[in-house]
Each structure stands twice: as C-alpha cells, then as structure tokens.
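J.: Next up is a structure, given as structure tokens.
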Amino acid sequence: MQSFFYSEILSAIKIGEKLLAILVDPEKFNRDTVSEFLEQIPKETTHLFVGGSTDIHNQISLVVATLKRQSNLPVFLFPGNHQQIEETADALLFLSLHSGRNPEYLIGQQVKAAALLNKSNLEIIPTSYLLIDGGHDSAVARVSETDAMSQDEVEDILNTALAGQLMGAKLLYLEAGSGAKIPVSVEIIKAVKETVSIPVIVGGGIKTQTQCKQAYAAGADFIVMGTVFEEG
Ligand code: 1GP
C-alpha cells in the first residue's frame, strides 16, 4: 500500500515542522465563497481535511472537487461514516473510535468501507481516534452514542492511546469535538506524546494562535481547526 502522504507527515515531523489542517464540514460548505475561505485560512496550513458527522456522499464529492481545483494542499478525508468516502481525495484517516465502546464505530463502519477502500487509490492511514471531553455536547458523542473520556482520567487516556498504537494505528487523534469549549489540555497532549511514538493530532475548540502554540509546544504534531474559519 502506498504511503506518500504519511511519509510526508513523518518527514515534516522529523525536521521539526508543525502541521496544520483546516477542516471543511461538507454540510457548511459554500461553493460560491470557497476562494474567500481559502484566502482567509492561515498561510501555515499544510492540509485540508473534509468530513463531518452527518453529511451524505454527494456533497463530499463536490467539496473535494472544488477544493482540489482551487488549492494545491493535500485533501484528506476525515469521515464521519462509511458513506463519506470520495475516491478523488488524496488520503483517508481510517478512524477507529477507541475512546468509545460502540462496535459500530470500532469496526462496523470500517467493515462497510473495506471493499470500496481496497479498490480505490486513496492512501489509507489507520488512525486511533479518542474523543476527550471538551465541555460541550459533541456531535461525535451524539452520533456515535459513546461518552467522551474525561480530561481528568489521564491514565485511561494514555492506556487507550497506547492500545491504539499497539493495534497498528499510524496516527493518534485527540479530539475534543468540533466547537469544544475546552480544547484537549496541554497536560494530556504532553503525557500522550511521551507515551506513544506515532504522530499526535489535536483538534476541537482550538481558536487562537496562542492555543496553537501551546498545543504544539506540548507535543502536538498536527493541529486541526474548523469552526473558527467557518465563522470567518
Ligand atoms: C473537529 O477537531 C476538529 O473534528 C476541529 O474542531 O471545529 O472546534 O475547530 P473545531
């Protein structure tokens, strides 16, 4: 299996570069304002992620096509379910919701996606996805019918992250949920970074440069921001 985009991530981290993805939620996507959207995102942006908890496939195709036409950034799928697979994207985060205990999001959706993924040219990046309490009712918790992990349960978070890595995940995604009131704490990022050797992605509720700097300083390799750019 090809691993061009994953190798690029590892190479960037090796030379101390930090990665930044801007998340585009297909449900909130407006084709008419995409140029303005791409102009207002930070110049440090390295990736575009596309996905959401509720969208249907048709809109994903349009979003990926429009972004690829108007930007040279790699487009990664960050799917909320197996219907959000679009073969013209560059890569797909093959998420397993390891913080939860709902088999549908641990293996069910992945089984539904497997045949299509196997014959697509998408680069598949197995990703351990941990929902951490961001102080709000997140769409991930609602849709997956799972509970977020408390930010106080650090040992539990570390053991889950470790289990994800041992199960073969190539990335670890610490997710406070889109629109989180409280992003994943620097203490958790630091502890996770010291525990796993795979790249650590952090997202949910990050809105300011200061928050980005703090998360990077704590050990985040990759930050994901969405809501703040939807709000302009
Ligand atoms: C959500 O981590 C991402 O999956 C981004 O969160 O929308 O809060 O920036 P925000």
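Labels used: A, B, ... for chains in the order of the structure tokens, numbers from 1 for residues in each chain, and numbers from 1 for ligands as shown.
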Counting only C-alpha atoms and all ligand atoms, give me one row per residue of chain A with an atom at most 10 Å from an atom of ligand 1, showing the shortest contact pair and its distance in Å to one decimal, sorted by chain then residue number, as JSON lines.

T.:
{"residue": "A:Ala21", "atom": "CA", "partner": "ligand 1", "partner_atom_place_in_ligand_line": "5 (C)", "distance": 9.0}
{"residue": "A:Ile22", "atom": "CA", "partner": "ligand 1", "partner_atom_place_in_ligand_line": "5 (C)", "distance": 7.8}
{"residue": "A:Leu23", "atom": "CA", "partner": "ligand 1", "partner_atom_place_in_ligand_line": "5 (C)", "distance": 6.2}
{"residue": "A:Val24", "atom": "CA", "partner": "ligand 1", "partner_atom_place_in_ligand_line": "7 (O)", "distance": 8.9}
{"residue": "A:Asp25", "atom": "CA", "partner": "ligand 1", "partner_atom_place_in_ligand_line": "7 (O)", "distance": 8.7}
{"residue": "A:Phe49", "atom": "CA", "partner": "ligand 1", "partner_atom_place_in_ligand_line": "3 (C)", "distance": 9.2}
{"residue": "A:Val50", "atom": "CA", "partner": "ligand 1", "partner_atom_place_in_ligand_line": "4 (O)", "distance": 9.7}
{"residue": "A:Gly51", "atom": "CA", "partner": "ligand 1", "partner_atom_place_in_ligand_line": "4 (O)", "distance": 8.2}
{"residue": "A:Gly52", "atom": "CA", "partner": "ligand 1", "partner_atom_place_in_ligand_line": "4 (O)", "distance": 7.4}
{"residue": "A:Ser53", "atom": "CA", "partner": "ligand 1", "partner_atom_place_in_ligand_line": "4 (O)", "distance": 8.8}
{"residue": "A:Phe78", "atom": "CA", "partner": "ligand 1", "partner_atom_place_in_ligand_line": "4 (O)", "distance": 8.1}
{"residue": "A:Pro79", "atom": "CA", "partner": "ligand 1", "partner_atom_place_in_ligand_line": "4 (O)", "distance": 9.8}
{"residue": "A:Gly80", "atom": "CA", "partner": "ligand 1", "partner_atom_place_in_ligand_line": "4 (O)", "distance": 9.4}
{"residue": "A:Leu131", "atom": "CA", "partner": "ligand 1", "partner_atom_place_in_ligand_line": "4 (O)", "distance": 9.4}
{"residue": "A:Gly134", "atom": "CA", "partner": "ligand 1", "partner_atom_place_in_ligand_line": "8 (O)", "distance": 9.3}
{"residue": "A:Ser138", "atom": "CA", "partner": "ligand 1", "partner_atom_place_in_ligand_line": "1 (C)", "distance": 9.4}
{"residue": "A:Ala139", "atom": "CA", "partner": "ligand 1", "partner_atom_place_in_ligand_line": "4 (O)", "distance": 9.2}
{"residue": "A:Val140", "atom": "CA", "partner": "ligand 1", "partner_atom_place_in_ligand_line": "4 (O)", "distance": 8.2}
{"residue": "A:Tyr173", "atom": "CA", "partner": "ligand 1", "partner_atom_place_in_ligand_line": "2 (O)", "distance": 8.5}
{"residue": "A:Leu174", "atom": "CA", "partner": "ligand 1", "partner_atom_place_in_ligand_line": "2 (O)", "distance": 8.0}
{"residue": "A:Glu175", "atom": "CA", "partner": "ligand 1", "partner_atom_place_in_ligand_line": "2 (O)", "distance": 5.4}
{"residue": "A:Ala176", "atom": "CA", "partner": "ligand 1", "partner_atom_place_in_ligand_line": "2 (O)", "distance": 6.6}
{"residue": "A:Gly177", "atom": "CA", "partner": "ligand 1", "partner_atom_place_in_ligand_line": "1 (C)", "distance": 5.1}
{"residue": "A:Ser178", "atom": "CA", "partner": "ligand 1", "partner_atom_place_in_ligand_line": "8 (O)", "distance": 3.5}
{"residue": "A:Gly179", "atom": "CA", "partner": "ligand 1", "partner_atom_place_in_ligand_line": "8 (O)", "distance": 3.6}
{"residue": "A:Ala180", "atom": "CA", "partner": "ligand 1", "partner_atom_place_in_ligand_line": "8 (O)", "distance": 5.3}
{"residue": "A:Lys181", "atom": "CA", "partner": "ligand 1", "partner_atom_place_in_ligand_line": "8 (O)", "distance": 8.2}
{"residue": "A:Ile182", "atom": "CA", "partner": "ligand 1", "partner_atom_place_in_ligand_line": "8 (O)", "distance": 9.3}
{"residue": "A:Pro183", "atom": "CA", "partner": "ligand 1", "partner_atom_place_in_ligand_line": "8 (O)", "distance": 8.0}
{"residue": "A:Val184", "atom": "CA", "partner": "ligand 1", "partner_atom_place_in_ligand_line": "2 (O)", "distance": 10.0}
{"residue": "A:Ile201", "atom": "CA", "partner": "ligand 1", "partner_atom_place_in_ligand_line": "2 (O)", "distance": 8.7}
{"residue": "A:Val202", "atom": "CA", "partner": "ligand 1", "partner_atom_place_in_ligand_line": "2 (O)", "distance": 6.7}
{"residue": "A:Gly203", "atom": "CA", "partner": "ligand 1", "partner_atom_place_in_ligand_line": "2 (O)", "distance": 3.3}
{"residue": "A:Gly204", "atom": "CA", "partner": "ligand 1", "partner_atom_place_in_ligand_line": "6 (O)", "distance": 3.3}
{"residue": "A:Gly205", "atom": "CA", "partner": "ligand 1", "partner_atom_place_in_ligand_line": "8 (O)", "distance": 3.6}
{"residue": "A:Ile206", "atom": "CA", "partner": "ligand 1", "partner_atom_place_in_ligand_line": "9 (O)", "distance": 5.4}
{"residue": "A:Lys207", "atom": "CA", "partner": "ligand 1", "partner_atom_place_in_ligand_line": "9 (O)", "distance": 6.6}
{"residue": "A:Ile223", "atom": "CA", "partner": "ligand 1", "partner_atom_place_in_ligand_line": "2 (O)", "distance": 7.9}
{"residue": "A:Val224", "atom": "CA", "partner": "ligand 1", "partner_atom_place_in_ligand_line": "2 (O)", "distance": 5.2}
{"residue": "A:Met225", "atom": "CA", "partner": "ligand 1", "partner_atom_place_in_ligand_line": "9 (O)", "distance": 3.6}
{"residue": "A:Gly226", "atom": "CA", "partner": "ligand 1", "partner_atom_place_in_ligand_line": "9 (O)", "distance": 3.6}
{"residue": "A:Thr227", "atom": "CA", "partner": "ligand 1", "partner_atom_place_in_ligand_line": "7 (O)", "distance": 3.7}
{"residue": "A:Val228", "atom": "CA", "partner": "ligand 1", "partner_atom_place_in_ligand_line": "9 (O)", "distance": 5.9}
{"residue": "A:Phe229", "atom": "CA", "partner": "ligand 1", "partner_atom_place_in_ligand_line": "9 (O)", "distance": 8.0}
{"residue": "A:Glu230", "atom": "CA", "partner": "ligand 1", "partner_atom_place_in_ligand_line": "7 (O)", "distance": 8.2}
{"residue": "A:Glu231", "atom": "CA", "partner": "ligand 1", "partner_atom_place_in_ligand_line": "7 (O)", "distance": 9.9}

J.: Check the smallest atom-to-atom distance from each of A:Pro126, A:Gly108, A:Pro42, A:Pro103 to A:Ala91 using only C-alpha atoms, then report the winner.

T.: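 For A:Ala91, the nearest of the candidates is A:Pro126.
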
J.: Measuring atom to atom with only C-alpha atoms, identify which of A:Leu130, A:Ala115, A:Ile125, A:Leu20 is nearest to A:Gln209.

T.: A:Leu20

J.: Please provide as a list in words all residues within 8 Å of A:Glu123, with the sequence filter that same-chain residues fewer than 3 positions apart are discarded (counting only C-alpha atoms).

T.: Met1, Gln2, Ser3, Phe4, Phe5, Asp90, Ala91 and Leu92 of chain A

J.: Would you save the residues of that selection, restricted to C-alpha atoms, as a compact mmCIF listing (two decimals), in the first residue's frame?

T.:
# COMPACT_ATOMS: atom_id res chain seq x y z
CA MET A 1 0.00 0.00 0.00
CA GLN A 2 1.30 3.44 -0.95
CA SER A 3 2.23 5.81 1.86
CA PHE A 4 3.28 9.02 0.16
CA PHE A 5 1.24 11.39 2.32
CA ASP A 90 -5.71 12.13 -1.60
CA ALA A 91 -5.87 10.18 1.62
CA LEU A 92 -8.30 8.97 4.24

J.: Each residue of stretch 44-102 of chain A lying at most 12 Å from stretch 148-168 of chain A should get a row with its shortest atom-to-atom pair and the distance in Å to one decimal, counting only C-alpha atoms; could you produce that, ordered by chain and increasing number, as JSON lines?

T.:
{"residue": "A:Phe94", "atom": "CA", "partner": "A:Gly168", "partner_atom": "CA", "distance": 11.4}
{"residue": "A:Leu95", "atom": "CA", "partner": "A:Gly164", "partner_atom": "CA", "distance": 10.6}
{"residue": "A:Ser96", "atom": "CA", "partner": "A:Gly164", "partner_atom": "CA", "distance": 8.6}
{"residue": "A:Leu97", "atom": "CA", "partner": "A:Gly164", "partner_atom": "CA", "distance": 9.6}
{"residue": "A:His98", "atom": "CA", "partner": "A:Thr160", "partner_atom": "CA", "distance": 6.8}
{"residue": "A:Ser99", "atom": "CA", "partner": "A:Met149", "partner_atom": "CA", "distance": 6.6}
{"residue": "A:Gly100", "atom": "CA", "partner": "A:Ala148", "partner_atom": "CA", "distance": 7.3}
{"residue": "A:Arg101", "atom": "CA", "partner": "A:Ala148", "partner_atom": "CA", "distance": 10.6}

J.: Any chance you can output those residues with C-alpha atoms as a PDB file, in the first residue's frame?

T.:
ATOM      1  CA  PHE A  94      -9.253   5.342   8.694  1.00  0.00           C
ATOM      2  CA  LEU A  95     -10.679   6.160  12.090  1.00  0.00           C
ATOM      3  CA  SER A  96     -11.451   3.799  14.918  1.00  0.00           C
ATOM      4  CA  LEU A  97     -13.209   5.436  17.842  1.00  0.00           C
ATOM      5  CA  HIS A  98     -11.080   3.796  20.523  1.00  0.00           C
ATOM      6  CA  SER A  99     -12.383   6.019  23.317  1.00  0.00           C
ATOM      7  CA  GLY A 100     -15.844   4.518  22.894  1.00  0.00           C
ATOM      8  CA  ARG A 101     -17.321   1.071  23.264  1.00  0.00           C
TER       9      ARG A 101
END

J.: What's around A:Leu62 at 10 Å? Count only C-alpha atoms, leave out sequence neighbours fewer than 4 positions away in its own chain, and write the answer as a PyMOL selection string.

T.: chain A and resi 26+29+31+57-58+66-68+86

J.: How would the residues just chosen look if you wrote them out with all heavy atoms as a short mmCIF file (atom, residue, chain, number, x, y, z; two decimals), in the first residue's frame?

T.:
data_model
loop_
_atom_site.label_atom_id
_atom_site.label_comp_id
_atom_site.auth_asym_id
_atom_site.auth_seq_id
_atom_site.Cartn_x
_atom_site.Cartn_y
_atom_site.Cartn_z
N PRO A 26 -18.63 19.40 5.06
CA PRO A 26 -19.42 19.48 3.83
C PRO A 26 -20.79 20.11 4.01
O PRO A 26 -21.32 20.76 3.12
CB PRO A 26 -19.55 18.03 3.38
CG PRO A 26 -18.45 17.33 4.07
CD PRO A 26 -18.18 18.05 5.35
N PHE A 29 -20.44 23.79 3.72
CA PHE A 29 -19.61 24.23 2.59
C PHE A 29 -20.43 25.05 1.60
O PHE A 29 -21.54 24.70 1.24
CB PHE A 29 -19.06 22.99 1.88
CG PHE A 29 -18.15 23.29 0.73
CD1 PHE A 29 -16.85 23.70 0.95
CD2 PHE A 29 -18.60 23.15 -0.58
CE1 PHE A 29 -16.00 23.97 -0.11
CE2 PHE A 29 -17.76 23.41 -1.64
CZ PHE A 29 -16.46 23.82 -1.41
N ARG A 31 -19.91 26.61 -2.13
CA ARG A 31 -19.03 26.63 -3.30
C ARG A 31 -18.74 28.07 -3.76
O ARG A 31 -17.67 28.37 -4.27
CB ARG A 31 -19.72 25.85 -4.44
CG ARG A 31 -18.75 25.57 -5.54
CD ARG A 31 -19.23 24.84 -6.74
NE ARG A 31 -20.61 24.47 -6.87
CZ ARG A 31 -21.02 23.72 -7.90
NH1 ARG A 31 -20.16 23.29 -8.78
NH2 ARG A 31 -22.28 23.42 -8.04
N HIS A 57 -22.99 11.50 0.86
CA HIS A 57 -21.90 11.36 -0.09
C HIS A 57 -21.86 12.42 -1.20
O HIS A 57 -20.79 12.91 -1.54
CB HIS A 57 -21.98 9.96 -0.71
CG HIS A 57 -20.91 9.72 -1.72
ND1 HIS A 57 -19.59 9.57 -1.37
CD2 HIS A 57 -20.95 9.65 -3.06
CE1 HIS A 57 -18.88 9.39 -2.46
NE2 HIS A 57 -19.68 9.43 -3.50
N ASN A 58 -22.97 12.79 -1.76
CA ASN A 58 -22.95 13.71 -2.91
C ASN A 58 -22.23 15.01 -2.62
O ASN A 58 -21.49 15.53 -3.45
CB ASN A 58 -24.38 14.05 -3.34
CG ASN A 58 -25.02 12.88 -4.04
OD1 ASN A 58 -24.29 11.97 -4.44
ND2 ASN A 58 -26.32 12.90 -4.17
N THR A 66 -14.03 20.76 -5.62
CA THR A 66 -13.85 22.22 -5.57
C THR A 66 -12.53 22.57 -4.88
O THR A 66 -11.77 23.41 -5.37
CB THR A 66 -15.03 22.89 -4.82
OG1 THR A 66 -16.24 22.40 -5.38
CG2 THR A 66 -14.98 24.39 -4.95
N LEU A 67 -12.25 21.91 -3.76
CA LEU A 67 -11.00 22.21 -3.04
C LEU A 67 -9.78 21.84 -3.88
O LEU A 67 -8.80 22.59 -3.93
CB LEU A 67 -10.96 21.47 -1.70
CG LEU A 67 -11.98 21.93 -0.65
CD1 LEU A 67 -11.89 21.05 0.59
CD2 LEU A 67 -11.76 23.39 -0.26
N LYS A 68 -9.85 20.72 -4.56
CA LYS A 68 -8.70 20.30 -5.35
C LYS A 68 -8.48 21.22 -6.56
O LYS A 68 -7.35 21.42 -6.99
CB LYS A 68 -8.85 18.84 -5.78
CG LYS A 68 -8.61 17.88 -4.61
CD LYS A 68 -8.47 16.45 -5.02
CE LYS A 68 -7.17 16.11 -5.66
NZ LYS A 68 -6.02 16.14 -4.76
N GLU A 86 -14.76 9.42 -0.72
CA GLU A 86 -14.71 10.02 -2.04
C GLU A 86 -13.34 9.69 -2.64
O GLU A 86 -12.30 10.13 -2.13
CB GLU A 86 -14.92 11.55 -1.91
CG GLU A 86 -14.64 12.33 -3.15
CD GLU A 86 -15.33 11.77 -4.39
OE1 GLU A 86 -16.53 11.44 -4.32
OE2 GLU A 86 -14.63 11.62 -5.41
#

J.: Using only C-alpha atoms, which residue out of A:Ile60, A:His136, A:Lys43, A:Lys14 lies closest to A:Asn30?

T.: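 With only C-alpha atoms as the atom set, the closest residue is A:Ile60.
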
J.: Which distance in Å separates atom CA of A:Leu93 and atom CA of A:Leu48, to one decimal?

T.: 12.1 Å

J.: Would you please give, as a ChimeraX atom specification, all residues of stretch 2-222 of chain A that DSSP assigns to alpha helix (DSSP H) based on the backbone?

T.: /A:4-14,34-40,57-70,103,109-119,139-144,154-166,186-195,209-218

J.: Considering only C-alpha atoms, state which residue in the set A:Val63, A:Ala220, A:Arg142, A:Val196 is at the smallest distance from A:Glu27.

T.: A:Val63

J.: Residues of stretch 1-199 of chain A classed as strand (DSSP E) by DSSP on the backbone are to be reported as a ChimeraX atom specification.

T.: /A:19-24,47-50,75-77,91-97,123-131,171-175

J.: Just the selected residues (C-alpha atoms), exported as a PDB file, in the first residue's frame, please.

T.:
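After the write, part.pdb holds the following:
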ATOM      1  CA  LEU A  19       1.377  20.580  10.605  1.00  0.00           C
ATOM      2  CA  LEU A  20      -1.951  22.372  10.425  1.00  0.00           C
ATOM      3  CA  ALA A  21      -5.142  21.069   8.869  1.00  0.00           C
ATOM      4  CA  ILE A  22      -8.214  23.145   8.246  1.00  0.00           C
ATOM      5  CA  LEU A  23     -11.361  21.073   8.467  1.00  0.00           C
ATOM      6  CA  VAL A  24     -14.119  21.643   5.954  1.00  0.00           C
ATOM      7  CA  HIS A  47      -3.601  20.049   4.767  1.00  0.00           C
ATOM      8  CA  LEU A  48      -7.324  20.306   4.152  1.00  0.00           C
ATOM      9  CA  PHE A  49      -9.498  17.786   5.933  1.00  0.00           C
ATOM     10  CA  VAL A  50     -13.033  17.077   4.712  1.00  0.00           C
ATOM     11  CA  VAL A  75      -7.097  16.813   0.762  1.00  0.00           C
ATOM     12  CA  PHE A  76      -7.641  14.177   3.447  1.00  0.00           C
ATOM     13  CA  LEU A  77     -10.990  12.598   4.199  1.00  0.00           C
ATOM     14  CA  ALA A  91      -5.875  10.176   1.618  1.00  0.00           C
ATOM     15  CA  LEU A  92      -8.301   8.970   4.244  1.00  0.00           C
ATOM     16  CA  LEU A  93      -7.948   8.842   8.000  1.00  0.00           C
ATOM     17  CA  PHE A  94      -9.253   5.342   8.694  1.00  0.00           C
ATOM     18  CA  LEU A  95     -10.679   6.160  12.090  1.00  0.00           C
ATOM     19  CA  SER A  96     -11.451   3.799  14.918  1.00  0.00           C
ATOM     20  CA  LEU A  97     -13.209   5.436  17.842  1.00  0.00           C
ATOM     21  CA  GLU A 123      -3.988   6.364   0.745  1.00  0.00           C
ATOM     22  CA  ILE A 124      -5.424   4.805   3.886  1.00  0.00           C
ATOM     23  CA  ILE A 125      -3.961   5.949   7.204  1.00  0.00           C
ATOM     24  CA  PRO A 126      -5.154   3.898  10.201  1.00  0.00           C
ATOM     25  CA  THR A 127      -5.954   6.384  12.955  1.00  0.00           C
ATOM     26  CA  SER A 128      -6.789   5.837  16.599  1.00  0.00           C
ATOM     27  CA  TYR A 129      -9.473   8.399  17.396  1.00  0.00           C
ATOM     28  CA  LEU A 130     -10.022   9.435  21.025  1.00  0.00           C
ATOM     29  CA  LEU A 131     -12.917  11.657  21.983  1.00  0.00           C
ATOM     30  CA  LEU A 171      -1.756   8.408  13.824  1.00  0.00           C
ATOM     31  CA  LEU A 172      -3.341   9.271  17.137  1.00  0.00           C
ATOM     32  CA  TYR A 173      -6.114  11.872  17.054  1.00  0.00           C
ATOM     33  CA  LEU A 174      -7.022  13.609  20.326  1.00  0.00           C
ATOM     34  CA  GLU A 175     -10.434  15.114  19.615  1.00  0.00           C
TER      35      GLU A 175
END

J.: Could you work out how far atom CA of A:Leu73 lies from atom CA of A:Thr46, giving the answer in Å with one decimal?

T.: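 Between these atoms lies a distance of 6.3 Å.
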
J.: Can you tell me how far atom CA of A:Lys119 sits from atom CA of A:Ile85, in Å to one decimal?

T.: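 Interatomic distance, atom CA of A:Lys119 to atom CA of A:Ile85: 12.2 Å.
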
J.: Taking only C-alpha atoms into account, name the residue in A:Gln59, A:Gln211, A:Gln70, A:Thr195 that is nearest to A:Ser35.

T.: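 Of the candidates, the smallest distance to A:Ser35 is held by A:Gln70.
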